[in-house]
file entry.cif (mmCIF, C-alpha atoms and all ligand atoms)
data_upload
#
loop_
_atom_site.label_atom_id
_atom_site.label_comp_id
_atom_site.auth_asym_id
_atom_site.auth_seq_id
_atom_site.Cartn_x
_atom_site.Cartn_y
_atom_site.Cartn_z
CA MET A 1 59.01 11.46 -59.22
CA LYS A 2 57.36 11.10 -55.79
CA THR A 3 54.64 13.58 -54.80
CA VAL A 4 54.46 14.75 -51.19
CA LEU A 5 51.26 16.54 -50.15
CA ILE A 6 51.80 18.92 -47.21
CA THR A 7 48.74 20.43 -45.50
CA GLY A 8 49.33 23.68 -43.60
CA GLY A 9 52.63 24.16 -45.46
CA ALA A 10 52.42 27.97 -45.30
CA GLY A 11 52.48 28.08 -41.49
CA PHE A 12 55.48 28.07 -39.15
CA ILE A 13 56.50 24.38 -38.93
CA GLY A 14 54.74 23.37 -42.16
CA SER A 15 56.75 25.91 -44.17
CA THR A 16 60.00 24.91 -42.42
CA PHE A 17 59.23 21.34 -43.48
CA THR A 18 58.23 22.40 -47.01
CA ARG A 19 61.52 24.27 -47.51
CA HIS A 20 63.48 21.36 -46.03
CA MET A 21 61.84 18.87 -48.45
CA PHE A 22 62.08 21.20 -51.44
CA ASN A 23 65.80 21.76 -50.87
CA LYS A 24 66.70 18.20 -49.92
CA TYR A 25 64.79 16.19 -52.52
CA PRO A 26 65.20 17.64 -56.03
CA ASP A 27 63.41 14.61 -57.46
CA TYR A 28 60.23 15.10 -55.38
CA ARG A 29 57.16 17.09 -56.35
CA ILE A 30 55.98 19.13 -53.34
CA VAL A 31 52.31 20.11 -53.17
CA VAL A 32 51.15 22.46 -50.41
CA VAL A 33 47.52 23.03 -49.50
CA ASP A 34 46.84 25.83 -47.05
CA ALA A 35 43.78 27.97 -46.22
CA LEU A 36 46.05 30.95 -45.38
CA THR A 37 44.40 31.75 -42.07
CA TYR A 38 45.98 34.58 -40.05
CA ALA A 39 48.81 32.11 -39.26
CA GLY A 40 49.76 31.19 -42.83
CA SER A 41 51.53 33.25 -45.47
CA VAL A 42 52.70 32.62 -49.02
CA GLU A 43 55.86 34.56 -48.05
CA ASN A 44 56.90 31.45 -46.10
CA LEU A 45 56.92 29.18 -49.15
CA PRO A 46 60.24 28.04 -50.68
CA ILE A 47 59.71 29.83 -54.01
CA PRO A 48 57.64 32.89 -54.98
CA ILE A 49 54.03 32.04 -55.62
CA TRP A 50 54.15 33.25 -59.25
CA GLN A 51 56.74 30.56 -60.00
CA GLN A 52 54.56 27.80 -58.61
CA GLU A 53 53.89 26.24 -61.99
CA ASN A 54 57.39 24.94 -61.57
CA ASP A 55 57.27 21.17 -61.98
CA ARG A 56 58.59 20.62 -58.46
CA PHE A 57 56.32 22.82 -56.42
CA SER A 58 52.68 23.82 -56.41
CA PHE A 59 50.52 25.69 -53.95
CA TRP A 60 46.78 25.24 -53.49
CA TYR A 61 44.89 27.91 -51.61
CA GLY A 62 42.32 25.61 -50.06
CA ASN A 63 40.77 24.26 -46.89
CA VAL A 64 41.26 20.74 -45.52
CA ILE A 65 37.55 20.75 -44.68
CA ASN A 66 36.85 20.61 -48.43
CA GLY A 67 36.43 16.86 -49.04
CA GLU A 68 36.42 17.10 -52.83
CA LEU A 69 39.64 19.12 -52.90
CA MET A 70 41.37 16.80 -50.45
CA ASP A 71 40.21 13.77 -52.43
CA THR A 72 41.69 15.25 -55.61
CA LEU A 73 45.01 16.20 -53.99
CA VAL A 74 45.45 12.95 -52.05
CA SER A 75 44.61 10.93 -55.17
CA LYS A 76 47.76 12.35 -56.82
CA ALA A 77 50.07 11.94 -53.81
CA ASP A 78 52.46 9.22 -52.68
CA MET A 79 52.96 10.63 -49.17
CA VAL A 80 50.87 12.99 -47.04
CA VAL A 81 52.11 15.08 -44.11
CA HIS A 82 49.28 16.78 -42.23
CA PHE A 83 50.20 19.97 -40.32
CA ALA A 84 47.08 22.12 -40.97
CA ALA A 85 45.53 23.15 -37.68
CA GLU A 86 44.52 26.04 -35.50
CA SER A 87 47.56 26.00 -33.24
CA HIS A 88 47.43 28.61 -30.49
CA VAL A 89 46.43 27.47 -26.98
CA THR A 90 45.48 30.94 -25.71
CA ARG A 91 43.24 31.68 -28.68
CA SER A 92 41.39 28.40 -28.06
CA ILE A 93 40.44 29.69 -24.59
CA TYR A 94 38.13 32.42 -25.86
CA ASP A 95 36.86 30.87 -29.12
CA ASN A 96 37.44 27.21 -29.84
CA SER A 97 34.92 26.56 -32.64
CA GLN A 98 37.49 26.77 -35.44
CA PHE A 99 39.83 24.48 -33.48
CA PHE A 100 37.37 21.60 -33.49
CA GLN A 101 36.40 22.30 -37.12
CA THR A 102 39.93 22.27 -38.50
CA ASP A 103 41.86 20.11 -36.08
CA VAL A 104 39.30 17.31 -35.65
CA LEU A 105 36.95 17.45 -38.66
CA GLY A 106 39.72 18.62 -41.02
CA THR A 107 41.81 15.63 -39.94
CA GLN A 108 38.83 13.35 -40.53
CA ILE A 109 38.51 14.67 -44.12
CA VAL A 110 42.24 14.18 -44.79
CA ALA A 111 42.18 10.72 -43.20
CA ASN A 112 39.09 9.75 -45.26
CA ALA A 113 40.94 10.64 -48.47
CA VAL A 114 44.03 8.71 -47.31
CA CYS A 115 41.77 5.76 -46.53
CA LYS A 116 40.23 5.86 -49.99
CA TYR A 117 43.66 5.83 -51.67
CA ARG A 118 45.42 3.66 -49.06
CA ASP A 119 46.76 1.21 -51.64
CA GLN A 120 48.69 4.02 -53.27
CA ILE A 121 49.64 6.20 -50.27
CA GLU A 122 52.98 5.03 -48.89
CA ARG A 123 52.88 7.05 -45.69
CA PHE A 124 50.50 9.41 -43.87
CA VAL A 125 52.27 11.41 -41.15
CA HIS A 126 49.87 13.13 -38.80
CA ILE A 127 51.36 16.00 -36.79
CA SER A 128 49.87 15.82 -33.32
CA THR A 129 51.34 17.62 -30.28
CA SER A 130 52.77 16.99 -26.82
CA GLU A 131 49.90 19.12 -25.47
CA VAL A 132 47.73 15.97 -25.66
CA TYR A 133 49.58 14.69 -22.55
CA GLY A 134 48.71 17.56 -20.18
CA THR A 135 51.00 18.14 -17.20
CA ALA A 136 53.79 15.56 -16.89
CA LEU A 137 52.99 12.82 -14.36
CA SER A 138 56.51 11.44 -14.56
CA ASP A 139 59.95 13.07 -14.91
CA SER A 140 59.81 12.77 -18.66
CA MET A 141 56.86 11.80 -20.85
CA GLY A 142 57.04 8.77 -23.09
CA GLU A 143 54.48 7.96 -25.78
CA GLU A 144 52.53 5.78 -23.32
CA HIS A 145 51.93 8.73 -20.92
CA GLN A 146 48.23 9.29 -20.19
CA LEU A 147 46.41 11.71 -22.48
CA ASN A 148 45.04 14.52 -20.27
CA PRO A 149 44.53 17.51 -22.59
CA MET A 150 44.19 20.69 -20.52
CA SER A 151 42.98 23.26 -23.10
CA PRO A 152 40.41 23.20 -25.92
CA TYR A 153 43.34 23.25 -28.40
CA ALA A 154 44.89 20.21 -26.74
CA ALA A 155 41.51 18.42 -26.60
CA ALA A 156 40.92 19.03 -30.33
CA LYS A 157 44.42 17.78 -31.18
CA CYS A 158 43.89 14.77 -28.93
CA GLY A 159 40.66 13.96 -30.81
CA ALA A 160 42.54 14.15 -34.12
CA ASP A 161 45.43 12.04 -32.78
CA ARG A 162 43.09 9.24 -31.65
CA LEU A 163 41.02 9.54 -34.85
CA VAL A 164 44.12 8.80 -36.94
CA TYR A 165 45.02 5.92 -34.63
CA SER A 166 41.52 4.46 -35.04
CA TYR A 167 41.75 4.69 -38.85
CA TRP A 168 45.00 2.70 -38.69
CA ALA A 169 43.41 0.13 -36.35
CA THR A 170 40.15 -0.11 -38.32
CA TYR A 171 41.11 0.45 -41.96
CA GLY A 172 44.84 -0.15 -41.96
CA ILE A 173 45.85 3.29 -43.26
CA PRO A 174 49.67 3.69 -43.36
CA SER A 175 49.71 6.35 -40.65
CA VAL A 176 52.33 7.49 -38.17
CA ILE A 177 51.51 9.95 -35.39
CA VAL A 178 54.20 12.45 -34.45
CA ARG A 179 53.93 14.40 -31.19
CA PRO A 180 56.32 17.35 -31.36
CA PHE A 181 57.04 19.29 -28.19
CA ASN A 182 57.28 23.11 -28.37
CA ASN A 183 58.96 24.31 -31.53
CA PHE A 184 60.85 27.56 -31.98
CA GLY A 185 62.69 29.20 -34.86
CA PRO A 186 62.27 31.72 -37.68
CA ARG A 187 58.79 32.55 -39.04
CA GLN A 188 56.84 31.68 -35.89
CA HIS A 189 53.80 33.87 -35.33
CA LEU A 190 54.19 36.71 -32.81
CA GLU A 191 51.39 35.25 -30.67
CA LYS A 192 53.82 32.51 -29.53
CA VAL A 193 56.04 33.15 -26.52
CA ILE A 194 59.56 33.23 -28.00
CA PRO A 195 58.79 35.61 -30.92
CA ARG A 196 56.75 37.75 -28.52
CA PHE A 197 59.68 38.05 -26.10
CA ILE A 198 62.19 38.75 -28.89
CA THR A 199 60.04 41.44 -30.49
CA SER A 200 59.31 42.97 -27.07
CA VAL A 201 63.05 43.45 -26.59
CA LEU A 202 63.40 44.88 -30.11
CA LEU A 203 60.53 47.29 -29.42
CA LYS A 204 61.93 48.19 -25.96
CA GLU A 205 58.74 46.96 -24.27
CA LYS A 206 58.33 44.94 -21.10
CA LEU A 207 58.21 41.13 -21.48
CA ARG A 208 54.95 39.68 -20.14
CA VAL A 209 55.48 36.42 -18.22
CA HIS A 210 52.46 34.25 -17.29
CA GLY A 211 52.08 33.61 -13.55
CA ASP A 212 55.42 33.18 -11.77
CA GLY A 213 57.03 31.97 -15.01
CA GLN A 214 57.81 28.55 -13.52
CA SER A 215 55.73 26.58 -16.03
CA ALA A 216 58.25 24.75 -18.19
CA ARG A 217 58.31 23.29 -21.69
CA ASP A 218 60.59 21.17 -23.83
CA PHE A 219 61.70 23.33 -26.78
CA ILE A 220 63.04 21.91 -30.04
CA PHE A 221 64.40 23.97 -32.94
CA ALA A 222 61.85 23.67 -35.79
CA GLU A 223 64.44 22.57 -38.36
CA ASP A 224 65.41 19.64 -36.12
CA ASN A 225 61.74 18.70 -35.72
CA CYS A 226 61.38 18.73 -39.52
CA GLU A 227 64.42 16.51 -39.97
CA ALA A 228 62.86 14.03 -37.55
CA ILE A 229 59.56 14.12 -39.49
CA ASP A 230 61.50 13.52 -42.72
CA ALA A 231 63.28 10.52 -41.13
CA ILE A 232 59.93 9.10 -39.97
CA LEU A 233 58.42 9.69 -43.44
CA HIS A 234 61.21 7.61 -44.99
CA ALA A 235 61.64 4.91 -42.31
CA PRO A 236 60.70 1.30 -43.20
CA ALA A 237 56.95 0.77 -42.77
CA GLU A 238 57.34 -2.11 -40.34
CA LYS A 239 59.19 0.17 -37.91
CA VAL A 240 56.80 3.11 -37.86
CA VAL A 241 53.31 2.50 -39.27
CA GLY A 242 50.71 2.46 -36.48
CA GLU A 243 53.25 3.98 -34.07
CA VAL A 244 53.47 7.25 -32.14
CA PHE A 245 56.74 9.20 -31.84
CA ASN A 246 57.62 12.06 -29.52
CA VAL A 247 59.92 14.68 -31.02
CA GLY A 248 61.58 16.98 -28.50
CA SER A 249 64.91 17.87 -26.98
CA GLY A 250 64.59 15.83 -23.78
CA GLU A 251 65.15 18.95 -21.65
CA HIS A 252 62.70 21.42 -20.19
CA ARG A 253 63.20 25.09 -19.40
CA SER A 254 60.93 27.52 -17.58
CA ILE A 255 59.30 30.47 -19.32
CA LEU A 256 61.08 32.77 -16.84
CA SER A 257 64.48 31.33 -17.77
CA ILE A 258 63.65 31.77 -21.46
CA ALA A 259 62.80 35.44 -20.87
CA LYS A 260 66.12 35.84 -19.04
CA ASP A 261 68.11 34.08 -21.80
CA ILE A 262 66.54 36.30 -24.44
CA THR A 263 67.15 39.55 -22.55
CA GLU A 264 70.75 38.51 -21.84
CA MET A 265 71.46 37.49 -25.43
CA MET A 266 69.92 40.73 -26.69
CA CYS A 267 71.87 42.82 -24.16
CA ARG A 268 68.98 43.97 -22.05
CA ASN A 269 68.65 43.48 -18.30
CA ASN A 270 65.96 41.53 -16.47
CA ASP A 271 64.17 44.51 -14.95
CA CYS A 272 62.04 44.65 -18.09
CA LEU A 273 59.97 41.56 -17.12
CA ILE A 274 56.40 41.93 -15.83
CA HIS A 275 54.22 39.14 -14.51
CA VAL A 276 50.59 38.77 -15.62
CA GLY A 277 48.01 36.23 -14.35
CA ASP A 278 48.53 32.60 -15.25
CA ARG A 279 46.83 31.06 -18.26
CA PRO A 280 43.71 29.01 -17.34
CA GLY A 281 44.38 25.30 -17.93
CA GLN A 282 48.13 25.94 -17.75
CA VAL A 283 50.31 22.86 -18.20
CA MET A 284 53.03 23.01 -15.55
CA ARG A 285 55.83 20.97 -17.09
CA HIS A 286 56.58 19.14 -20.29
CA THR A 287 59.73 17.10 -20.79
CA ALA A 288 59.97 14.74 -23.73
CA ASN A 289 61.21 11.22 -23.45
CA ILE A 290 62.71 10.70 -26.92
CA ASP A 291 64.17 7.23 -26.38
CA LYS A 292 61.83 5.70 -28.97
CA LEU A 293 62.81 8.28 -31.61
CA LYS A 294 66.50 7.56 -30.94
CA ARG A 295 66.09 3.79 -30.82
CA VAL A 296 63.76 3.20 -33.78
CA ILE A 297 64.66 6.08 -36.09
CA GLY A 298 68.22 6.74 -34.91
CA PHE A 299 67.44 10.43 -34.63
CA THR A 300 68.78 12.94 -32.08
CA PRO A 301 68.21 16.72 -32.41
CA LYS A 302 71.45 18.50 -33.30
CA THR A 303 70.75 22.18 -32.54
CA ASP A 304 71.34 23.14 -28.92
CA TRP A 305 69.12 25.68 -27.17
CA HIS A 306 71.50 28.65 -27.34
CA ALA A 307 72.48 28.06 -30.98
CA GLY A 308 68.82 27.78 -32.00
CA LEU A 309 67.86 30.85 -30.01
CA GLU A 310 70.67 32.88 -31.56
CA LYS A 311 69.51 31.95 -35.09
CA THR A 312 65.92 32.82 -34.14
CA ILE A 313 66.87 36.22 -32.65
CA ASP A 314 68.95 37.03 -35.76
CA TRP A 315 66.03 36.19 -38.01
CA TYR A 316 63.59 38.48 -36.17
CA MET A 317 66.19 41.27 -36.07
CA ASN A 318 66.54 41.05 -39.86
CA ASN A 319 62.91 40.47 -40.86
CA GLU A 320 60.87 43.24 -39.28
CA GLU A 321 58.86 43.65 -42.47
CA TRP A 322 57.61 40.05 -42.06
CA TRP A 323 56.55 40.39 -38.40
CA ARG A 324 55.30 44.02 -38.28
CA LYS A 325 52.02 42.94 -39.92
CA GLN A 326 51.31 40.61 -36.98
CA MET A 327 51.73 43.23 -34.26
CA TRP A 328 47.98 43.60 -33.68
CA MET A 329 47.71 39.85 -32.92
CA ARG A 330 50.45 39.67 -30.32
CA GLU A 331 48.10 40.17 -27.39
CA ILE A 332 45.04 38.05 -26.78
CA PRO A 333 42.36 39.09 -24.26
CA ILE A 334 41.27 36.29 -21.93
CA ILE A 335 39.69 35.97 -18.48
CA ALA A 336 42.64 34.81 -16.35
CA VAL A 337 42.60 32.43 -13.37
CA SER A 338 42.11 35.48 -11.11
CA GLY A 339 38.83 36.27 -12.95
CA LYS A 340 40.29 39.48 -14.40
CA ARG A 341 40.37 40.29 -18.12
CA GLU A 342 43.99 40.24 -19.17
CA LEU A 343 46.00 40.51 -22.33
CA HIS A 344 48.05 37.35 -22.81
P1 LIG B 1 50.73 27.58 -37.54
O1 LIG B 1 49.51 28.11 -36.86
O2 LIG B 1 51.93 28.45 -37.69
O3 LIG B 1 50.35 27.07 -39.00
C1 LIG B 1 49.16 26.40 -39.29
C2 LIG B 1 48.97 26.44 -40.80
O4 LIG B 1 47.78 25.70 -41.10
C3 LIG B 1 48.77 27.86 -41.34
O5 LIG B 1 49.51 28.03 -42.52
C4 LIG B 1 47.27 27.92 -41.62
O6 LIG B 1 46.93 28.83 -42.66
C5 LIG B 1 46.98 26.48 -41.99
N1 LIG B 1 45.57 26.12 -41.78
C6 LIG B 1 44.81 26.38 -40.68
N2 LIG B 1 43.56 25.92 -40.87
C7 LIG B 1 43.55 25.33 -42.11
C8 LIG B 1 42.55 24.66 -42.86
N3 LIG B 1 41.30 24.51 -42.38
N4 LIG B 1 42.87 24.19 -44.07
C9 LIG B 1 44.12 24.34 -44.57
N5 LIG B 1 45.10 24.99 -43.91
C10 LIG B 1 44.82 25.47 -42.68
O7 LIG B 1 51.07 26.24 -36.75
P2 LIG B 1 52.48 25.54 -36.51
O8 LIG B 1 53.05 26.06 -35.26
O9 LIG B 1 53.26 25.57 -37.76
O10 LIG B 1 51.97 24.05 -36.21
C11 LIG B 1 51.84 23.10 -37.27
C12 LIG B 1 51.32 21.81 -36.69
O11 LIG B 1 52.19 21.35 -35.66
C13 LIG B 1 49.94 21.92 -36.06
O12 LIG B 1 49.23 20.75 -36.32
C14 LIG B 1 50.25 22.05 -34.56
O13 LIG B 1 49.17 21.56 -33.78
C15 LIG B 1 51.47 21.16 -34.45
N6 LIG B 1 52.39 21.48 -33.36
C16 LIG B 1 52.92 22.72 -33.22
C17 LIG B 1 53.83 22.97 -32.19
C18 LIG B 1 54.49 24.32 -32.02
O14 LIG B 1 55.26 24.48 -31.06
N7 LIG B 1 54.27 25.29 -32.87
C19 LIG B 1 54.18 21.94 -31.31
C20 LIG B 1 53.59 20.69 -31.47
C21 LIG B 1 52.72 20.47 -32.52
#
call {"tool": "encode", "arguments": {"input": "entry.cif", "output": "structure tokens", "more": "lines below"}}
Ligand code: NAD
result
Amino acid sequence: MKTVLITGGAGFIGSTFTRHMFNKYPDYRIVVVDALTYAGSVENLPIPIWQQENDRFSFWYGNVINGELMDTLVSKADMVVHFAAESHVTRSIYDNSQFFQTDVLGTQIVANAVCKYRDQIERFVHISTSEVYGTALSDSMGEEHQLNPMSPYAAAKCGADRLVYSYWATYGIPSVIVRPFNNFGPRQHLEKVIPRFITSVLLKEKLRVHGDGQSARDFIFAEDNCEAIDAILHAPAEKVVGEVFNVGSGEHRSILSIAKDITEMMCRNNDCLIHVGDRPGQVMRHTANIDKLKRVIGFTPKTDWHAGLEKTIDWYMNNEEWWRKQMWMREIPIIAVSGKRELH
């Protein structure tokens, strides 16, 4: 029985991945470690917490900064997938201390444990982000695009990304770095743009669009991202270890067009949009080049934008109890580019 250790497995993408692995591999033991920050919840796990003594699944309420805990958990694992991070760009604008603690130093602790047990660990997948690239300098961004992080979140993730690379180069850890582009889907925190727009429509509020809404991102349905991570986790070592892989859809769409798609799909007209100041350090456009993922792994995302959005809208319509608790965290006060204090 293989043991897969998943850090941050109670968050949005981590829990999507945890459920995917739990359902797909009945002969794997899944171990989740999560500090349950405001972004994590045991409700996201594949089975109720009181059944965790199940042979196939266990949950550890713990912090990746805890070296002893990580040493113990990694020592019993065959594969490690590291999602745990502070993940919200806007929040990193007004207080970034926790971002550097968790995203950089937490990754160092996890990587140290992997290094110690590198003869036994088959694969260490580090979840980085496309935010490390900054604004696209070419039509689409391949893995060799310059790293120009534009926010404290992106800078912290960039530090972690290069830290993992250096551990592969120096100590030969069996690492792969995955750079997902923007994910969307069920169970994403209301602070993120798509759940915020969907719940604004449900609550009959105006949808707040940053700047003119022309900044654009490449969105991938979270389940597709998790299938790609699974494929990378199981690919032959000689194809992936020491490599970086983008995971995205290969298409970008503007925030304004997303707001319009959501209002149209939820039968509301566009006069409910309001524009607020742009986010400082805004990245203007992200489009993934996923040629390497297709060529080396043979993976192409299967959920198209509208199908993924429909599933996401349905989920929020049917799970108000889950998201109501997050209402107070939907708006984040920052000093915008204009110098004014604004809720983003
Ligand atoms: P999330 O904020 O929903 O979840 C993060 C999880 O990590 C939470 O469960 C939280 O409790 C846990 N966590 C935070 N600090 C921890 C610590 N010190 N120790 C243990 N657990 C801790 O984030 P997400 O959107 O699911 O993102 C997961 C990963 O994917 C992150 O590394 C993020 O940078 C990366 N990523 C996210 C996106 C996206 O669009 N959401 C895109 C690219 C990359």
call {"tool": "residues_around", "arguments": {"input": "entry.cif", "residues": "stretch 230-246 of chain A", "least_positions_apart": "5", "cutoff": "6 Å", "atoms": "only C-alpha atoms", "output": "PyMOL selection string"}}
result
chain A and resi 174-180+290
call {"tool": "closest_residue", "arguments": {"input": "entry.cif", "among": "A:Gln51, A:Ser97, A:Thr287, A:Ser128", "to": "ligand LIG 1 (chain B)", "atoms": "only C-alpha atoms and all ligand atoms"}}
result
A:Ser128
call {"tool": "residues_near_ligand", "arguments": {"input": "entry.cif", "ligand": "ligand LIG 1 (chain B)", "cutoff": "8 Å", "atoms": "all atoms listed in the file", "output": "ChimeraX atom specification"}}
result
/A:7-15,33-41,61-65,82-88,101-103,106,127-131,157,179-184,188-189,192,219
call {"tool": "write_last_selection", "arguments": {"input": "entry.cif", "atoms": "C-alpha atoms", "output": "short mmCIF file (atom, residue, chain, number, x, y, z; two decimals), in the coordinates of the input"}}
result
data_model
loop_
_atom_site.label_atom_id
_atom_site.label_comp_id
_atom_site.auth_asym_id
_atom_site.auth_seq_id
_atom_site.Cartn_x
_atom_site.Cartn_y
_atom_site.Cartn_z
CA THR A 7 48.74 20.43 -45.50
CA GLY A 8 49.33 23.68 -43.60
CA GLY A 9 52.63 24.16 -45.46
CA ALA A 10 52.42 27.97 -45.30
CA GLY A 11 52.48 28.08 -41.49
CA PHE A 12 55.48 28.07 -39.15
CA ILE A 13 56.50 24.38 -38.93
CA GLY A 14 54.74 23.37 -42.16
CA SER A 15 56.75 25.91 -44.17
CA VAL A 33 47.52 23.03 -49.50
CA ASP A 34 46.84 25.83 -47.05
CA ALA A 35 43.78 27.97 -46.22
CA LEU A 36 46.05 30.95 -45.38
CA THR A 37 44.40 31.75 -42.07
CA TYR A 38 45.98 34.58 -40.05
CA ALA A 39 48.81 32.11 -39.26
CA GLY A 40 49.76 31.19 -42.83
CA SER A 41 51.53 33.25 -45.47
CA TYR A 61 44.89 27.91 -51.61
CA GLY A 62 42.32 25.61 -50.06
CA ASN A 63 40.77 24.26 -46.89
CA VAL A 64 41.26 20.74 -45.52
CA ILE A 65 37.55 20.75 -44.68
CA HIS A 82 49.28 16.78 -42.23
CA PHE A 83 50.20 19.97 -40.32
CA ALA A 84 47.08 22.12 -40.97
CA ALA A 85 45.53 23.15 -37.68
CA GLU A 86 44.52 26.04 -35.50
CA SER A 87 47.56 26.00 -33.24
CA HIS A 88 47.43 28.61 -30.49
CA GLN A 101 36.40 22.30 -37.12
CA THR A 102 39.93 22.27 -38.50
CA ASP A 103 41.86 20.11 -36.08
CA GLY A 106 39.72 18.62 -41.02
CA ILE A 127 51.36 16.00 -36.79
CA SER A 128 49.87 15.82 -33.32
CA THR A 129 51.34 17.62 -30.28
CA SER A 130 52.77 16.99 -26.82
CA GLU A 131 49.90 19.12 -25.47
CA LYS A 157 44.42 17.78 -31.18
CA ARG A 179 53.93 14.40 -31.19
CA PRO A 180 56.32 17.35 -31.36
CA PHE A 181 57.04 19.29 -28.19
CA ASN A 182 57.28 23.11 -28.37
CA ASN A 183 58.96 24.31 -31.53
CA PHE A 184 60.85 27.56 -31.98
CA GLN A 188 56.84 31.68 -35.89
CA HIS A 189 53.80 33.87 -35.33
CA LYS A 192 53.82 32.51 -29.53
CA PHE A 219 61.70 23.33 -26.78
#
call {"tool": "closest_residue", "arguments": {"input": "entry.cif", "among": "A:Ala136, A:Ile313, A:Ala336, A:Val4", "to": "A:Val276", "atoms": "all atoms listed in the file"}}
result
A:Ala336
call {"tool": "residues_around", "arguments": {"input": "entry.cif", "residues": "stretch 223-227 of chain A", "least_positions_apart": "5", "cutoff": "8 Å", "atoms": "all atoms listed in the file", "output": "list in words"}}
result
Ile13, Thr16, Phe17, His20, Pro180, Asn183, Gly185, Val247, Gly248, Pro301, Lys302 and Thr303 of chain A
call {"tool": "closest_residue", "arguments": {"input": "entry.cif", "among": "A:Tyr153, A:Phe57, A:Tyr165, A:Trp50", "to": "A:Asp95", "atoms": "only C-alpha atoms"}}
result
A:Tyr153
call {"tool": "closest_residue", "arguments": {"input": "entry.cif", "among": "A:Ile6, A:Ile262, A:Cys115, A:Ile229", "to": "A:Arg29", "atoms": "only C-alpha atoms"}}
result
A:Ile6
call {"tool": "atom_distance", "arguments": {"input": "entry.cif", "atom1": "atom CA of A:Ala111", "atom2": "atom CA of A:Arg123"}}
result
11.6 Å
call {"tool": "atom_distance", "arguments": {"input": "entry.cif", "atom1": "atom CA of A:Arg268", "atom2": "atom CA of A:Thr199"}}
result
12.6 Å
call {"tool": "closest_residue", "arguments": {"input": "entry.cif", "among": "A:Ser338, A:Ile194, A:Leu202, A:Ala222", "to": "A:Ile258", "atoms": "only C-alpha atoms"}}
result
A:Ile194
call {"tool": "atom_distance", "arguments": {"input": "entry.cif", "atom1": "atom CA of A:Leu190", "atom2": "atom CA of A:Ala156"}}
result
22.2 Å
call {"tool": "closest_residue", "arguments": {"input": "entry.cif", "among": "A:Lys116, A:Arg341, A:Arg285, A:Arg208", "to": "A:Glu191", "atoms": "only C-alpha atoms"}}
result
A:Arg208
call {"tool": "build_atoms", "arguments": {"input": "entry.cif", "residues": "stretch 323-334 of chain A", "atoms": "N, CA and C atoms", "output": "compact mmCIF listing (two decimals), in the frame of the given file"}}
result
# COMPACT_ATOMS: atom_id res chain seq x y z
N TRP A 323 57.32 40.50 -39.65
CA TRP A 323 56.55 40.39 -38.40
C TRP A 323 55.74 41.62 -38.04
N ARG A 324 56.05 42.79 -38.61
CA ARG A 324 55.30 44.02 -38.28
C ARG A 324 53.80 43.84 -38.47
N LYS A 325 53.45 43.13 -39.56
CA LYS A 325 52.02 42.94 -39.92
C LYS A 325 51.26 42.18 -38.83
N GLN A 326 51.98 41.44 -37.99
CA GLN A 326 51.31 40.61 -36.98
C GLN A 326 51.19 41.30 -35.63
N MET A 327 51.67 42.55 -35.56
CA MET A 327 51.73 43.23 -34.26
C MET A 327 50.38 43.24 -33.54
N TRP A 328 49.30 43.47 -34.31
CA TRP A 328 47.98 43.60 -33.68
C TRP A 328 47.49 42.28 -33.08
N MET A 329 48.15 41.16 -33.43
CA MET A 329 47.71 39.85 -32.92
C MET A 329 48.60 39.32 -31.80
N ARG A 330 49.53 40.16 -31.35
CA ARG A 330 50.45 39.67 -30.32
C ARG A 330 49.78 39.46 -28.98
N GLU A 331 48.74 40.26 -28.70
CA GLU A 331 48.10 40.17 -27.39
C GLU A 331 46.69 39.64 -27.53
N ILE A 332 46.34 38.69 -26.68
CA ILE A 332 45.04 38.05 -26.78
C ILE A 332 44.29 38.27 -25.46
N PRO A 333 43.09 38.87 -25.52
CA PRO A 333 42.36 39.09 -24.26
C PRO A 333 41.71 37.80 -23.77
N ILE A 334 41.95 37.45 -22.51
CA ILE A 334 41.27 36.29 -21.93
C ILE A 334 40.88 36.63 -20.49
